[in-house]
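Take a look at the structure set out below.
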Amino acid sequence: MIQGFELWVPPKSQVFQDGLPQWEIIGADSQFVQFPLRAGRQITCFSGAMAYMSNEVKLAVKLAGFGKTFGRLAGGGSLFQLTYTNEGNQDGYVAMTPDYPGVIVPIDFSSSGKIMALRDSFLCSTLSPSGAETDIGAGFNPAQSVGGVCCSGFDLIVQTIQGPGTVAFIMAMGTVVTKTLGAGESMLVDGDAILCFESSVTIDVEWVGNFMAICCSGEGLFNTKMTGPGKVWLQSMGIDKMRKLFPPKVVQRTSNSEGDAGTE
């Protein structure tokens with residue numbers, strides 16, 4: 001690949017002392033992330049993420065205080081925080097899956113800083129060895145101009161994910177590549193290709209080109225400019241890009257003299 005880019009592949013999980021992996025990503029697409037749970041081990045996730053679990057794993061639901069709850073909602077998360085705990089004496093398991101077809105991208109916060117992600121990207125996370133949870137909140141679009149806020153492909157409010165010592169799993173679609181930008185290094189991307197980036201990265205917009213390029217290229221008005229330092233995750237088929245391929249069908253119904261529905 002071009003220097004600086006990396007094809008993202010699921011990294012190897014950390015293991016317990018007996019060699020058992022702490023998590024496993026199963027499948028090539030529409031994946032599961034499966035967690036072997038030692039007694040007392042916990043996993044947090046968003047509402048509806050659980051696919052299957054062992055009998056000794058129990059669910060607890062709570063609010064995390066007004067500030068954190070509001071931040072999760074603003075960032076596209078769920079109202080309640082869900083925690084699955086192995087309350088038995090034997091090893092158990094729990095598996096999570098996204099709510100749309102795609103891949104699961106783990107981000108290890110022992111080596112990454114705070115992440116700015118698309119709203120509703122968070123799937124689930126581990127707890128740190130000290131018991132600290134991943135902090136899911138909301139932040140403002142880090143664009144450097146009004147045009148960047150409006151046209152960068154990111155909403156005004158974005159999802160923030162951080163948690164030293166934890167591993168968070170976020171939802172993506174298509175092929176994922178990463179690029180680590182040096183200080184002052186910039187790249188232009190389509191807004192629909194952005195999955196997430198470290199909070200040290202700034203974004204803005206640039207015109208796609210001259211008048212003919214704007215009108216006839218099919219690339220819209222702007223490209224998103226991302227400037228380092230920091231790491232960027234890009235996806236080939238984001239959920240917003242997928243939605244554009246299948247716009248909602250507007251159905252108009254009229255009444256005829258017999259009271260039957262009319263044509264679309």
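Following the order of the structure tokens, first chain is A, next is B, and so on, with residues numbered from 1 inside each chain and ligands from 1 in the order they appear.
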Residues within 10 Å of Cys45 (chain A), only C-alpha atoms, excluding chain neighbours under 3 positions, as a list of chain:residue names: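 Here the qualifying residues turn out to be A:Gly48, A:Ala49, A:Met50, A:Gly77, A:Ser78, A:Phe80, A:Gln81, A:Leu82, A:Thr83, A:Tyr84, A:Met96, A:Phe122, A:Leu123, A:Cys124, A:Ser125, A:Thr126, A:Thr134, A:Ala168, A:Phe169.
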Nearby residues (only C-alpha atoms) at most 12 Å from region 227-231 of chain A, same-chain spacing under 2 positions excluded, as a ChimeraX atom specification: /A:4-6,107,111-116,142-144,177-189,194-205,224-225,233-234
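Pairwise distance (CA of Met237 (chain A), CA of Thr175 (chain A)) equals 7.4 Å.
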Using only C-alpha atoms: which of A:Met53, A:Ala28, A:Met226, A:Ala39 has the shortest distance to Val9 (chain A):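 Using only C-alpha atoms, Val9 (chain A) sits closest to A:Ala28.
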Nearest residue to Asp99 (chain A) from the set A:Ile170, A:Ile136, A:Phe222, A:Gly163 (distances using only C-alpha atoms):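 Ranking A:Ile170, A:Ile136, A:Phe222, A:Gly163 by distance to Asp99 (chain A), first place goes to A:Ile170.
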Residues flagged strand (DSSP E or B) by DSSP in region 16-235 of chain A, as a PyMOL selection string: chain A and resi 21+24-26+32-37+42-45+50-53+57-62+81-86+92-96+103-108+115-117+122-126+135-140+143+157-162+167-172+176-181+186-189+194-198+202-207+222-227+230-235
Separation of CA of Arg38 (chain A) from CA of Lys62 (chain A) in Å: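 Distance between the two atoms: 22.3 Å.
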A:Asn223, A:Gly139, A:Arg119, A:Pro129 ranked by distance to Ala172 (chain A), top pick (using only C-alpha atoms):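 Among A:Asn223, A:Gly139, A:Arg119, A:Pro129, it is A:Arg119 that comes nearest to Ala172 (chain A).
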d(CA of Asn55 (chain A), CA of Pro11 (chain A)) in Å: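 Between these atoms lies a distance of 28.7 Å.
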For Gly165 (chain A): contacts at 8 Å, only C-alpha atoms, fewer than 2 positions along chain excluded, given as a PyMOL selection string: chain A and resi 108-110+127-129+132+163+167
Create the file for the chosen residues now, containing C-alpha atoms and written as a compact mmCIF listing (two decimals), in the first residue's frame.
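Output contents, as saved in result_19.txt:
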```txt
# COMPACT_ATOMS: atom_id res chain seq x y z
CA ASP A 108 -7.24 -0.14 22.37
CA PHE A 109 -7.09 3.00 24.50
CA SER A 110 -3.83 1.94 26.08
CA LEU A 127 -13.44 -2.57 31.47
CA SER A 128 -9.88 -1.68 32.43
CA PRO A 129 -7.99 -3.87 34.92
CA ALA A 132 -12.74 1.86 34.87
CA GLY A 163 -11.15 5.16 28.48
CA VAL A 167 -10.85 -1.67 24.50
```
Test item, alpha helix (DSSP H) assignment across region 23-146 of chain A, answer as a PyMOL selection string: chain A and resi 66-74+146
Residue nearest Lys12 (chain A) - candidates A:Lys241, A:Asp120, A:Pro106, A:Thr160, atoms counted: only C-alpha atoms: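 For Lys12 (chain A), the nearest of the candidates is A:Pro106.
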